[in-house]
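*Asks:* Sharing final-v7.txt (compact mmCIF, C-alpha atoms) below.
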```txt
# COMPACT_ATOMS: atom_id res chain seq x y z
CA MET A 1449 22.12 7.22 8.04
CA VAL A 1450 19.58 8.46 5.50
CA SER A 1451 20.73 11.29 3.23
CA VAL A 1452 18.51 13.40 1.00
CA TYR A 1453 19.75 15.34 -2.02
CA THR A 1454 17.43 17.52 -4.09
CA CYS A 1455 18.38 18.03 -7.73
CA GLN A 1456 17.96 21.49 -9.25
CA ASN A 1457 14.76 20.36 -10.98
CA GLY A 1458 13.19 19.14 -7.72
CA VAL A 1459 13.78 15.37 -7.98
CA ARG A 1460 14.81 14.03 -4.57
CA ILE A 1461 17.44 11.31 -4.20
CA VAL A 1462 17.25 9.47 -0.87
CA SER A 1463 20.15 7.19 -0.04
CA GLU A 1464 21.13 4.91 2.82
CA VAL A 1465 24.57 3.31 2.74
CA ILE A 1466 24.67 -0.21 4.19
CA PRO A 1467 28.31 -1.23 3.65
CA HIS A 1468 28.11 -4.78 5.03
CA VAL A 1469 25.76 -6.05 2.28
CA ARG A 1470 26.50 -6.90 -1.34
CA SER A 1471 23.19 -5.76 -2.81
CA ILE A 1472 21.55 -2.52 -3.87
CA SER A 1473 17.82 -1.81 -4.02
CA VAL A 1474 16.66 1.21 -5.98
CA GLY A 1475 13.15 2.51 -6.54
CA ILE A 1476 11.53 5.32 -8.48
CA TRP A 1477 8.69 6.57 -6.28
CA VAL A 1478 5.90 8.66 -7.81
CA GLY A 1479 3.27 10.50 -5.79
CA ALA A 1480 0.52 9.13 -8.02
CA GLY A 1481 -2.08 6.59 -6.95
CA SER A 1482 -5.71 5.72 -7.49
CA ARG A 1483 -6.98 8.41 -5.09
CA PHE A 1484 -5.67 11.11 -7.44
CA GLU A 1485 -7.63 9.76 -10.41
CA ALA A 1486 -10.89 11.18 -11.72
CA PRO A 1487 -13.69 8.57 -11.86
CA GLU A 1488 -13.29 8.21 -15.62
CA GLU A 1489 -9.53 7.62 -15.12
CA ASN A 1490 -9.95 4.95 -12.47
CA GLY A 1491 -7.25 2.32 -12.89
CA ILE A 1492 -4.97 4.33 -15.18
CA THR A 1493 -2.17 4.68 -12.59
CA HIS A 1494 -2.00 0.91 -12.28
CA PHE A 1495 -2.25 0.48 -16.06
CA ILE A 1496 0.71 2.83 -16.56
CA GLU A 1497 2.68 0.76 -14.05
CA HIS A 1498 2.12 -2.27 -16.30
CA MET A 1499 2.88 -0.42 -19.55
CA LEU A 1500 6.30 0.81 -18.42
CA PHE A 1501 7.48 -2.80 -18.67
CA LYS A 1502 6.29 -3.23 -22.27
CA GLY A 1503 9.21 -1.74 -24.18
CA THR A 1504 11.18 1.46 -24.73
CA LYS A 1505 12.91 3.13 -27.68
CA THR A 1506 15.97 0.91 -27.14
CA ARG A 1507 14.67 -2.21 -25.32
CA THR A 1508 11.79 -4.59 -25.92
CA ALA A 1509 9.81 -6.01 -22.99
CA LYS A 1510 11.69 -9.29 -23.45
CA GLN A 1511 15.07 -7.53 -23.39
CA ILE A 1512 14.20 -5.74 -20.14
CA ALA A 1513 13.37 -9.10 -18.54
CA GLU A 1514 16.45 -10.78 -20.02
CA GLU A 1515 18.85 -8.09 -18.77
CA PHE A 1516 17.70 -8.55 -15.18
CA ASP A 1517 17.64 -12.35 -15.45
CA ARG A 1518 21.19 -12.28 -16.84
CA ILE A 1519 22.52 -10.46 -13.77
CA GLY A 1520 20.40 -12.40 -11.26
CA GLY A 1521 18.43 -9.30 -10.35
CA GLU A 1522 14.80 -8.59 -9.56
CA ILE A 1523 12.61 -5.92 -11.13
CA ASN A 1524 8.99 -5.15 -10.29
CA ALA A 1525 6.50 -2.40 -9.50
CA PHE A 1526 3.36 -1.75 -7.49
CA THR A 1527 0.58 0.81 -7.26
CA THR A 1528 -1.21 1.91 -4.09
CA LYS A 1529 -3.93 4.43 -3.41
CA GLU A 1530 -1.34 7.20 -2.95
CA ASN A 1531 1.83 6.25 -4.83
CA THR A 1532 3.52 4.09 -7.45
CA CYS A 1533 6.95 2.48 -7.20
CA TYR A 1534 9.18 0.96 -9.89
CA TYR A 1535 12.03 -0.90 -8.22
CA ALA A 1536 14.92 -3.30 -8.67
CA LYS A 1537 17.28 -5.27 -6.46
CA VAL A 1538 20.68 -6.32 -7.80
CA LEU A 1539 24.22 -7.11 -6.74
CA ASP A 1540 26.06 -3.90 -5.83
CA HIS A 1541 28.25 -3.85 -8.96
CA HIS A 1542 25.12 -3.92 -11.16
CA GLY A 1543 23.56 -0.84 -9.52
CA GLU A 1544 24.25 1.55 -12.42
CA LEU A 1545 22.76 -0.88 -14.94
CA ALA A 1546 19.62 -1.36 -12.83
CA ILE A 1547 18.86 2.35 -12.47
CA THR A 1548 19.74 2.95 -16.15
CA ILE A 1549 17.11 0.42 -17.23
CA LEU A 1550 14.53 1.80 -14.79
CA ALA A 1551 15.18 5.33 -16.08
CA ASP A 1552 14.85 4.10 -19.67
CA MET A 1553 11.46 2.60 -18.82
CA PHE A 1554 10.44 5.75 -16.95
CA PHE A 1555 11.37 8.24 -19.69
CA ASN A 1556 11.29 6.29 -22.95
CA SER A 1557 8.40 3.81 -22.83
CA LEU A 1558 6.67 3.64 -26.21
CA PHE A 1559 3.10 2.68 -25.23
CA ASN A 1560 2.91 0.76 -28.49
CA PRO A 1561 -0.75 0.19 -29.51
CA VAL A 1562 -0.22 -3.54 -29.99
CA GLU A 1563 1.39 -3.92 -26.56
CA LEU A 1564 -1.27 -1.67 -25.07
CA GLU A 1565 -4.07 -3.96 -26.27
CA LYS A 1566 -2.31 -7.06 -24.97
CA GLU A 1567 -1.72 -5.50 -21.57
CA ARG A 1568 -5.34 -4.32 -21.44
CA GLN A 1569 -6.33 -7.98 -21.55
CA VAL A 1570 -3.77 -8.87 -18.87
CA VAL A 1571 -5.14 -6.22 -16.50
CA LEU A 1572 -8.71 -7.27 -17.26
CA GLU A 1573 -7.76 -10.80 -16.19
CA GLU A 1574 -6.27 -9.33 -13.01
CA ILE A 1575 -9.54 -7.52 -12.30
CA LEU A 1576 -11.60 -10.65 -12.95
CA MET A 1577 -9.28 -12.72 -10.76
CA SER A 1578 -9.80 -10.27 -7.89
CA GLU A 1579 -13.57 -10.29 -8.37
CA ASP A 1580 -13.59 -14.09 -8.44
CA ALA A 1581 -11.87 -14.30 -5.05
CA PRO A 1582 -14.34 -13.34 -2.29
CA ASP A 1583 -11.53 -12.67 0.19
CA ASP A 1584 -10.13 -10.03 -2.21
CA ASP A 1585 -13.41 -8.68 -3.54
CA ILE A 1586 -14.88 -8.02 -0.11
CA HIS A 1587 -12.16 -5.50 0.80
CA GLU A 1588 -12.64 -3.56 -2.44
CA GLN A 1589 -16.39 -3.46 -1.83
CA LEU A 1590 -15.78 -2.28 1.72
CA TRP A 1591 -13.73 0.73 0.53
CA GLN A 1592 -16.60 1.74 -1.75
CA VAL A 1593 -18.95 1.62 1.24
CA MET A 1594 -16.56 3.74 3.34
CA TYR A 1595 -15.93 6.39 0.67
CA PRO A 1596 -18.74 6.18 -1.90
CA THR A 1597 -18.22 9.69 -3.30
CA ASP A 1598 -14.44 10.03 -2.97
CA SER A 1599 -11.68 8.59 -5.14
CA LEU A 1600 -10.21 6.92 -2.04
CA GLY A 1601 -13.02 4.39 -2.37
CA LEU A 1602 -12.15 3.51 -5.97
CA PRO A 1603 -10.37 0.21 -6.71
CA ILE A 1604 -6.67 0.49 -7.59
CA LEU A 1605 -7.15 -1.85 -10.56
CA GLY A 1606 -10.01 0.18 -12.01
CA ASN A 1607 -12.84 -1.57 -13.81
CA SER A 1608 -13.53 -3.04 -17.23
CA LYS A 1609 -15.31 0.10 -18.50
CA THR A 1610 -12.56 2.57 -17.64
CA LEU A 1611 -9.88 0.13 -18.75
CA GLU A 1612 -11.39 0.06 -22.22
CA THR A 1613 -10.89 3.83 -22.64
CA PHE A 1614 -7.15 3.98 -21.94
CA SER A 1615 -4.95 4.91 -24.90
CA ALA A 1616 -1.44 6.24 -25.45
CA ASP A 1617 -2.88 9.77 -25.39
CA THR A 1618 -4.72 9.31 -22.07
CA ILE A 1619 -1.55 7.81 -20.59
CA TYR A 1620 0.61 10.74 -21.76
CA ASN A 1621 -1.94 13.25 -20.48
CA TYR A 1622 -2.13 11.60 -17.05
CA MET A 1623 1.65 11.36 -16.76
CA GLN A 1624 2.07 15.03 -17.65
CA LYS A 1625 -0.26 15.89 -14.77
CA HIS A 1626 1.25 13.60 -12.13
CA TYR A 1627 4.75 12.53 -13.23
CA TYR A 1628 6.79 15.69 -12.61
CA PRO A 1629 10.13 16.27 -10.85
CA GLU A 1630 8.85 17.55 -7.51
CA ASN A 1631 6.57 14.50 -7.29
CA ILE A 1632 9.41 12.00 -7.79
CA VAL A 1633 11.71 10.38 -5.22
CA ILE A 1634 14.58 8.08 -6.13
CA SER A 1635 15.32 5.86 -3.14
CA VAL A 1636 18.44 3.69 -3.03
CA ALA A 1637 19.77 1.52 -0.20
CA GLY A 1638 22.66 -0.91 0.12
CA ASN A 1639 26.35 -0.90 -0.70
CA ILE A 1640 26.14 2.44 -2.51
CA THR A 1641 29.04 4.32 -4.09
CA THR A 1642 29.34 8.04 -4.75
CA GLU A 1643 29.60 7.21 -8.45
CA LEU A 1644 26.16 5.57 -8.37
CA LEU A 1645 24.55 8.64 -6.81
CA VAL A 1646 26.21 10.89 -9.42
CA HIS A 1647 24.89 8.57 -12.14
CA ILE A 1648 21.34 8.77 -10.73
CA GLU A 1649 21.47 12.56 -10.66
CA LYS A 1650 22.69 12.65 -14.26
CA LEU A 1651 19.83 10.41 -15.40
CA PHE A 1652 17.10 12.44 -13.69
CA SER A 1653 18.45 16.01 -13.66
CA GLN A 1654 17.16 16.68 -17.21
CA PHE A 1655 13.57 15.81 -16.22
CA THR A 1656 11.38 18.89 -16.73
CA ARG A 1657 7.96 19.79 -15.41
CA SER A 1658 5.08 19.82 -17.86
CA PRO A 1659 2.91 22.97 -17.91
CA HIS A 1660 -0.03 20.61 -17.35
CA ALA A 1661 1.31 19.33 -14.00
CA ILE A 1662 -1.12 19.68 -11.11
CA GLU A 1663 -0.43 20.03 -7.41
CA GLN A 1664 -1.96 17.10 -5.60
CA THR A 1665 -3.99 17.70 -2.46
CA VAL A 1666 -5.65 15.28 -0.06
CA THR A 1667 -9.34 15.72 0.56
CA TYR A 1668 -9.94 14.56 4.16
CA PRO A 1669 -13.03 12.65 3.02
CA ALA A 1670 -15.76 11.77 5.50
CA PHE A 1671 -16.09 8.13 6.54
CA HIS A 1672 -19.48 6.61 5.64
CA SER A 1673 -21.19 3.78 7.46
CA GLY A 1674 -23.29 1.44 5.39
CA ARG A 1675 -23.73 -2.11 4.25
CA PHE A 1676 -22.85 -4.06 1.11
CA VAL A 1677 -24.25 -7.58 0.61
CA LYS A 1678 -23.43 -9.90 -2.26
CA SER A 1679 -25.06 -13.32 -2.46
CA ARG A 1680 -22.70 -15.88 -4.03
CA ASP A 1681 -22.69 -19.65 -4.31
CA VAL A 1682 -19.47 -20.20 -2.37
CA GLU A 1683 -18.37 -22.67 0.30
CA GLN A 1684 -17.54 -19.93 2.82
CA SER A 1685 -19.26 -16.74 3.88
CA HIS A 1686 -17.09 -13.65 4.36
CA ILE A 1687 -17.49 -10.60 6.55
CA ALA A 1688 -15.47 -7.37 6.68
CA ILE A 1689 -16.21 -4.57 9.16
CA ALA A 1690 -14.48 -1.19 9.02
CA TYR A 1691 -14.30 1.67 11.50
CA PRO A 1692 -12.76 5.12 10.92
CA GLY A 1693 -9.08 5.23 11.81
CA VAL A 1694 -6.22 7.74 11.73
CA GLY A 1695 -3.85 9.05 9.09
CA VAL A 1696 -0.09 8.50 9.16
CA ASN A 1697 0.53 11.98 10.55
CA ASP A 1698 -1.97 11.69 13.40
CA LYS A 1699 -0.56 12.00 16.91
CA GLY A 1700 -2.39 8.80 17.86
CA TYR A 1701 -0.85 6.76 15.02
CA TYR A 1702 1.27 4.44 17.17
CA SER A 1703 -1.51 3.97 19.73
CA PHE A 1704 -3.78 2.99 16.85
CA ILE A 1705 -1.31 0.36 15.61
CA ALA A 1706 -0.96 -1.06 19.13
CA MET A 1707 -4.75 -1.17 19.48
CA ASN A 1708 -5.05 -3.10 16.20
CA ASN A 1709 -2.42 -5.61 17.33
CA ILE A 1710 -4.35 -6.34 20.51
CA LEU A 1711 -7.66 -6.62 18.70
CA GLY A 1712 -6.69 -8.85 15.78
CA GLY A 1713 -3.20 -8.12 14.51
CA ASN A 1714 -1.44 -11.31 15.59
CA MET A 1715 -1.91 -14.85 16.94
CA SER A 1716 -2.28 -13.74 20.56
CA SER A 1717 -4.92 -11.11 19.71
CA ARG A 1718 -8.43 -11.14 21.13
CA LEU A 1719 -10.15 -12.05 17.86
CA PHE A 1720 -7.73 -14.86 17.01
CA GLN A 1721 -7.78 -16.39 20.46
CA GLU A 1722 -11.52 -16.11 21.12
CA ILE A 1723 -12.84 -17.00 17.66
CA ARG A 1724 -10.28 -19.38 16.20
CA GLU A 1725 -8.53 -20.92 19.19
CA ASP A 1726 -11.37 -21.05 21.76
CA LYS A 1727 -14.36 -21.64 19.47
CA GLY A 1728 -12.79 -23.05 16.29
CA LEU A 1729 -15.14 -20.94 14.18
CA ALA A 1730 -12.73 -19.72 11.52
CA TYR A 1731 -9.35 -20.28 9.93
CA ASN A 1732 -9.05 -16.64 8.82
CA ILE A 1733 -9.88 -14.05 11.46
CA PHE A 1734 -7.84 -10.89 11.86
CA SER A 1735 -7.85 -7.10 11.87
CA TYR A 1736 -5.61 -4.62 10.08
CA HIS A 1737 -5.16 -0.86 9.88
CA SER A 1738 -4.89 1.23 6.71
CA SER A 1739 -3.40 4.69 7.16
CA TYR A 1740 -3.06 7.33 4.46
CA THR A 1741 -1.90 10.93 4.48
CA ASP A 1742 -5.13 12.26 5.97
CA VAL A 1743 -7.42 9.39 7.00
CA GLY A 1744 -7.37 5.72 7.89
CA SER A 1745 -9.46 2.73 8.86
CA LEU A 1746 -9.55 -0.29 11.13
CA THR A 1747 -10.85 -3.40 9.35
CA ILE A 1748 -11.90 -6.74 10.83
CA TYR A 1749 -12.18 -9.73 8.50
CA GLY A 1750 -13.35 -13.28 8.99
CA SER A 1751 -14.65 -16.21 6.97
CA THR A 1752 -16.23 -19.55 7.78
CA ASN A 1753 -18.50 -22.18 6.28
CA ASN A 1754 -22.03 -21.04 5.48
CA GLN A 1755 -23.64 -22.99 8.32
CA GLN A 1756 -21.39 -21.43 10.97
CA TYR A 1757 -21.52 -17.90 9.59
CA PRO A 1758 -24.28 -16.57 11.94
CA LEU A 1759 -22.25 -17.77 14.92
CA LEU A 1760 -19.09 -16.14 13.53
CA GLN A 1761 -20.84 -12.79 13.15
CA GLU A 1762 -22.29 -13.06 16.65
CA SER A 1763 -18.88 -13.96 18.11
CA ILE A 1764 -17.16 -11.00 16.43
CA ASP A 1765 -19.84 -8.67 17.83
CA GLU A 1766 -19.40 -10.14 21.31
CA THR A 1767 -15.62 -9.72 21.20
CA LEU A 1768 -15.93 -6.09 20.07
CA MET A 1769 -18.51 -5.25 22.72
CA LYS A 1770 -16.41 -6.86 25.44
CA ILE A 1771 -13.18 -5.10 24.53
CA LYS A 1772 -15.00 -1.79 24.17
CA SER A 1773 -16.69 -1.99 27.58
CA GLU A 1774 -13.90 -3.63 29.60
CA GLY A 1775 -10.87 -2.26 27.80
CA VAL A 1776 -7.51 -4.03 27.54
CA SER A 1777 -4.88 -4.77 30.16
CA GLU A 1778 -1.48 -3.25 30.85
CA THR A 1779 0.08 -6.58 29.90
CA GLU A 1780 -1.64 -6.58 26.51
CA VAL A 1781 -0.41 -3.06 25.78
CA HIS A 1782 3.13 -3.93 26.87
CA ASN A 1783 3.16 -7.06 24.71
CA ALA A 1784 1.73 -5.18 21.72
CA LYS A 1785 4.46 -2.55 21.99
CA GLU A 1786 7.21 -5.13 22.19
CA GLN A 1787 5.79 -7.01 19.23
CA LEU A 1788 5.60 -3.77 17.22
CA LYS A 1789 9.20 -2.90 17.98
CA GLY A 1790 10.38 -6.37 17.07
CA SER A 1791 8.45 -6.57 13.80
CA PHE A 1792 9.53 -3.04 12.84
CA VAL A 1793 13.23 -3.70 13.37
CA LEU A 1794 13.14 -7.13 11.71
CA SER A 1795 11.20 -5.77 8.73
CA LEU A 1796 14.04 -3.37 7.89
CA GLU A 1797 16.85 -5.89 7.68
CA GLY A 1798 16.87 -6.10 3.85
CA THR A 1799 17.94 -3.43 1.37
CA ASN A 1800 14.57 -3.57 -0.40
CA ALA A 1801 12.75 -2.88 2.87
CA ARG A 1802 15.07 0.05 3.64
CA MET A 1803 14.60 1.46 0.15
CA SER A 1804 10.81 1.23 0.47
CA HIS A 1805 10.75 2.68 3.97
CA ASN A 1806 12.89 5.66 2.99
CA GLY A 1807 11.12 6.32 -0.31
CA ARG A 1808 7.69 6.30 1.28
CA ASN A 1809 8.81 8.51 4.16
CA GLU A 1810 10.29 11.11 1.83
CA LEU A 1811 7.28 11.12 -0.45
CA ILE A 1812 4.65 11.30 2.31
CA HIS A 1813 6.40 12.98 5.26
CA GLY A 1814 9.39 14.74 3.77
CA LYS A 1815 11.38 13.65 6.83
CA HIS A 1816 13.12 10.58 8.22
CA MET A 1817 12.90 9.32 11.78
CA THR A 1818 15.68 7.07 13.01
CA MET A 1819 14.92 3.56 14.23
CA ASP A 1820 15.52 4.76 17.80
CA ASP A 1821 13.07 7.66 17.28
CA ILE A 1822 10.33 5.28 16.14
CA ILE A 1823 10.97 2.86 19.01
CA ALA A 1824 10.75 5.81 21.40
CA GLU A 1825 7.37 6.79 19.92
CA ILE A 1826 6.08 3.24 20.38
CA ASP A 1827 7.33 3.24 23.98
CA LYS A 1828 5.26 6.38 24.66
CA VAL A 1829 1.98 4.53 24.02
CA THR A 1830 -0.01 4.17 27.24
CA LEU A 1831 -2.85 1.97 28.47
CA ASP A 1832 -5.16 4.98 28.75
CA GLN A 1833 -4.44 6.05 25.16
CA VAL A 1834 -5.22 2.60 23.77
CA ASN A 1835 -8.43 2.18 25.77
CA SER A 1836 -9.60 5.68 24.89
CA LEU A 1837 -8.93 5.02 21.22
CA LEU A 1838 -10.75 1.67 21.42
CA ARG A 1839 -13.87 3.26 22.88
CA GLN A 1840 -13.78 6.08 20.35
CA THR A 1841 -13.18 3.83 17.35
CA LEU A 1842 -15.71 1.11 18.19
CA SER A 1843 -18.39 3.65 19.09
CA ALA A 1844 -18.62 4.79 15.47
CA ASP A 1845 -21.13 3.29 13.07
CA PRO A 1846 -19.17 0.81 10.93
CA ALA A 1847 -19.08 0.06 7.23
CA ILE A 1848 -19.84 -3.61 6.57
CA ALA A 1849 -19.40 -5.87 3.55
CA LEU A 1850 -20.79 -9.41 3.34
CA ILE A 1851 -20.28 -12.05 0.65
CA GLY A 1852 -21.69 -15.57 0.76
CA GLN A 1853 -24.84 -17.64 0.85
CA ASN A 1854 -27.74 -16.27 2.86
CA VAL A 1855 -25.67 -13.42 4.37
CA LYS A 1856 -27.60 -10.38 5.53
```
As structure tokens, how would this structure be written, given the file I've shared?
*Replies:*
Amino acid sequence: MVSVYTCQNGVRIVSEVIPHVRSISVGIWVGAGSRFEAPEENGITHFIEHMLFKGTKTRTAKQIAEEFDRIGGEINAFTTKENTCYYAKVLDHHGELAITILADMFFNSLFNPVELEKERQVVLEEILMSEDAPDDDIHEQLWQVMYPTDSLGLPILGNSKTLETFSADTIYNYMQKHYYPENIVISVAGNITTELLVHIEKLFSQFTRSPHAIEQTVTYPAFHSGRFVKSRDVEQSHIAIAYPGVGVNDKGYYSFIAMNNILGGNMSSRLFQEIREDKGLAYNIFSYHSSYTDVGSLTIYGSTNNQQYPLLQESIDETLMKIKSEGVSETEVHNAKEQLKGSFVLSLEGTNARMSHNGRNELIHGKHMTMDDIIAEIDKVTLDQVNSLLRQTLSADPAIALIGQNVK
């Protein structure tokens, strides 16, 4: 069972006791992501994520790494468009040490100028690596087509120009605005003791809100259709097509996920079977959904050699037109629902998955559905709902990104 305790300062501690395991996963979740950045700040949330590993008042970056290696633990972090998470997974008897180190990084990072310059180069290499890979770059370009005037369209990594402006002062200023108690969730799952939860509260109960903190609001930005084309001397041509989707709180959320599964979410999907299995046109062909607090998207991606690219694009169009006009079958919907239930249950078997699931739910929804509740919601999805959503989604004008030789 998931329990939520709110400290007097507003920090929320979400815990799920799993007594049959010998591990603990703990994460500090912050409601800060790239969509809450101003254009001139783009990439700073991700940069801060990197800098919290570069040394504190009592530990160097090497010592942080050595302490986790010594106990056989894992420590990492990630940044998304809406949140940031610093997390660790350790044996249960090392839980207090893990959260103590994470809290030290969270509250006492130095942002040393020398380390800052070195990490600036590391992140620049990360940006260049993403731009060098067409199958990564195309999705970033697609978001900028979908939301050209909203921060939701900005890349999480930022860009070389904004990266150059980040300093210890800009980091402190951004953290004062977004890193405040009510915007923080500590999520812990595994073989938890009461003593560990008391220790977590002690570490975070002294956290105070800066007078510069700002309340974050979502903007419900309008989806834009459009086209991005980049000519590159590569062996394969790449195509990504996006349609407006639904947010995580939308009543059609589970129908949307089922629709995506049928279209291109697995090996039995229409796109995979018709384009890869039947025609042999592509190795990579799939669709995926992205859902945020207020909006979402359905994206179709494929790549093939330059000579076959026109046929790939034509085949994707044919598949979309066919599924839009004819709809899907009861069997497809039933199978999609069963696959969703199976993948959902299996995905939550580890403590890290439970920690992430609970932390994200608390931060975004402020509530926690049981596994049975979610399975019941999936079971409610009907054939009519999926077909209606398909017609509605595929009737919109899409955003399209193309990278390759002679793409147009």
*Asks:* Name the residues in contact with Gly1712 (chain A) at a cut-off of 8 Å, using all atoms listed in the file, excluding same-chain residues fewer than 2 positions from it; report them as a ChimeraX atom specification.
*Replies:* /A:1708-1710,1714-1715,1717-1720,1733-1736,1748
*Asks:* Hey, can you check how far CA of Phe1704 (chain A) sits from CA of Thr1830 (chain A)?
*Replies:*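 Those two atoms sit 11.1 Å apart.
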*Asks:* Which polymer residues have any atom within 12 Å of an atom of Ile1640 (chain A), counting all atoms listed in the file, with same-chain residues fewer than 4 positions away left out, as a ChimeraX atom specification?
*Replies:* /A:1450-1451,1462-1474,1538-1544,1635-1636,1644-1648,1799,1803
*Asks:* Please provide as a list in words all residues within 10 Å of Pro1582 (chain A), with the sequence filter that same-chain residues fewer than 6 positions apart are discarded (counting only C-alpha atoms).
*Replies:* Glu1588, Lys1678, Arg1680, Val1682, Gln1684, Ser1685, His1686, Ile1687, Ser1751, Leu1850, Ile1851 and Gly1852 of chain A
*Asks:* Those selected residues, please, written with C-alpha atoms and delivered as a PDB file, in the frame of the given file.
*Replies:*
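To be explicit, this is the file written out as result_32.pdb:
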```pdb
ATOM      1  CA  GLU A1588     -12.640  -3.560  -2.440  1.00  0.00           C
ATOM      2  CA  LYS A1678     -23.430  -9.900  -2.260  1.00  0.00           C
ATOM      3  CA  ARG A1680     -22.700 -15.880  -4.030  1.00  0.00           C
ATOM      4  CA  VAL A1682     -19.470 -20.200  -2.370  1.00  0.00           C
ATOM      5  CA  GLN A1684     -17.540 -19.930   2.820  1.00  0.00           C
ATOM      6  CA  SER A1685     -19.260 -16.740   3.880  1.00  0.00           C
ATOM      7  CA  HIS A1686     -17.090 -13.650   4.360  1.00  0.00           C
ATOM      8  CA  ILE A1687     -17.490 -10.600   6.550  1.00  0.00           C
ATOM      9  CA  SER A1751     -14.650 -16.210   6.970  1.00  0.00           C
ATOM     10  CA  LEU A1850     -20.790  -9.410   3.340  1.00  0.00           C
ATOM     11  CA  ILE A1851     -20.280 -12.050   0.650  1.00  0.00           C
ATOM     12  CA  GLY A1852     -21.690 -15.570   0.760  1.00  0.00           C
TER      13      GLY A1852
END
```
*Asks:* Let me make sure I understand: among A:Ile1705, A:Ala1546, A:Leu1564, A:Val1793, which one has the smallest atom-to-atom distance to His1498 (chain A) if we use all atoms listed in the file?
*Replies:* A:Leu1564
*Asks:* Quick one, how far is CA of Phe1501 (chain A) from CA of Ser1738 (chain A)?
*Replies:*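 CA of Ser1738 (chain A) lies 28.5 Å from CA of Phe1501 (chain A).
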*Asks:* Could you state the separation of CA of Gln1589 (chain A) and CA of Pro1603 (chain A) in Å, given to one decimal place?
*Replies:*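 Distance reported for this atom pair: 8.6 Å.
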*Asks:* Out of A:Asn1753, A:Phe1495, A:Gly1475, A:Ile1519, which residue has the shortest atom-to-atom distance to Val1570 (chain A) when counting only C-alpha atoms?
*Replies:*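 Comparing A:Asn1753, A:Phe1495, A:Gly1475, A:Ile1519 against Val1570 (chain A), the winner is A:Phe1495.
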*Asks:* For a cut-off of 9 Å around (-20.2, -1.3, 8.6), file coordinates, pick out all residues using all atoms listed in the file and list them as number ranges by chain.
*Replies:* A: 1590, 1593-1594, 1672-1676, 1688-1691, 1845-1849
*Asks:* Using only C-alpha atoms, find all polymer residues with an atom at most 12 Å away from the point (-16.7, 6.4, -6.0); report them as a count of residues only.
*Replies:* 29
*Asks:* From the list A:Thr1665, A:Thr1752, A:Asn1560, A:Thr1532, which residue is nearest Ile1632 (chain A) when using only C-alpha atoms?
*Replies:*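 Closest to Ile1632 (chain A), using only C-alpha atoms: A:Thr1532.
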*Asks:* Please provide as a compact mmCIF listing (two decimals) with C-alpha atoms, keeping the file's coordinate frame all residues within 9 Å of Arg1839 (chain A), with the sequence filter that same-chain residues fewer than 2 positions apart are discarded (counting only C-alpha atoms).
*Replies:*
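Result written to selection.txt:
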```
# COMPACT_ATOMS: atom_id res chain seq x y z
CA ILE A 1771 -13.18 -5.10 24.53
CA LYS A 1772 -15.00 -1.79 24.17
CA SER A 1773 -16.69 -1.99 27.58
CA GLY A 1775 -10.87 -2.26 27.80
CA VAL A 1834 -5.22 2.60 23.77
CA ASN A 1835 -8.43 2.18 25.77
CA SER A 1836 -9.60 5.68 24.89
CA LEU A 1837 -8.93 5.02 21.22
CA THR A 1841 -13.18 3.83 17.35
CA LEU A 1842 -15.71 1.11 18.19
CA SER A 1843 -18.39 3.65 19.09
CA ALA A 1844 -18.62 4.79 15.47
```
*Asks:* Just the residues within 9 Å of Phe1655 (chain A), please, counting only C-alpha atoms, with nothing from its chain fewer than 4 positions along; format it as a ChimeraX atom specification.
*Replies:* /A:1457,1459,1555,1628-1629,1651
*Asks:* Limit the output to C-alpha atoms and give region 1819-1838 of chain A as a PDB file, in the first residue's frame.
*Replies:*
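Written output follows (decode27.pdb):
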```pdb
ATOM      1  CA  MET A1819      -3.039  -1.765  -9.552  1.00  0.00           C
ATOM      2  CA  ASP A1820      -6.591  -3.144  -9.567  1.00  0.00           C
ATOM      3  CA  ASP A1821      -7.993   0.366 -10.169  1.00  0.00           C
ATOM      4  CA  ILE A1822      -5.763   0.856 -13.213  1.00  0.00           C
ATOM      5  CA  ILE A1823      -6.594  -2.587 -14.612  1.00  0.00           C
ATOM      6  CA  ALA A1824     -10.280  -1.749 -14.185  1.00  0.00           C
ATOM      7  CA  GLU A1825      -9.802   1.492 -16.146  1.00  0.00           C
ATOM      8  CA  ILE A1826      -8.096  -0.418 -18.967  1.00  0.00           C
ATOM      9  CA  ASP A1827     -10.938  -2.957 -18.984  1.00  0.00           C
ATOM     10  CA  LYS A1828     -13.440  -0.106 -19.518  1.00  0.00           C
ATOM     11  CA  VAL A1829     -11.937   0.761 -22.920  1.00  0.00           C
ATOM     12  CA  THR A1830     -14.380  -0.076 -25.716  1.00  0.00           C
ATOM     13  CA  LEU A1831     -14.150  -0.642 -29.462  1.00  0.00           C
ATOM     14  CA  ASP A1832     -16.259   2.453 -30.137  1.00  0.00           C
ATOM     15  CA  GLN A1833     -13.989   4.630 -27.981  1.00  0.00           C
ATOM     16  CA  VAL A1834     -10.845   3.481 -29.777  1.00  0.00           C
ATOM     17  CA  ASN A1835     -12.321   3.898 -33.265  1.00  0.00           C
ATOM     18  CA  SER A1836     -13.739   7.311 -32.413  1.00  0.00           C
ATOM     19  CA  LEU A1837     -10.382   8.413 -31.055  1.00  0.00           C
ATOM     20  CA  LEU A1838      -8.607   7.063 -34.150  1.00  0.00           C
TER      21      LEU A1838
END
```
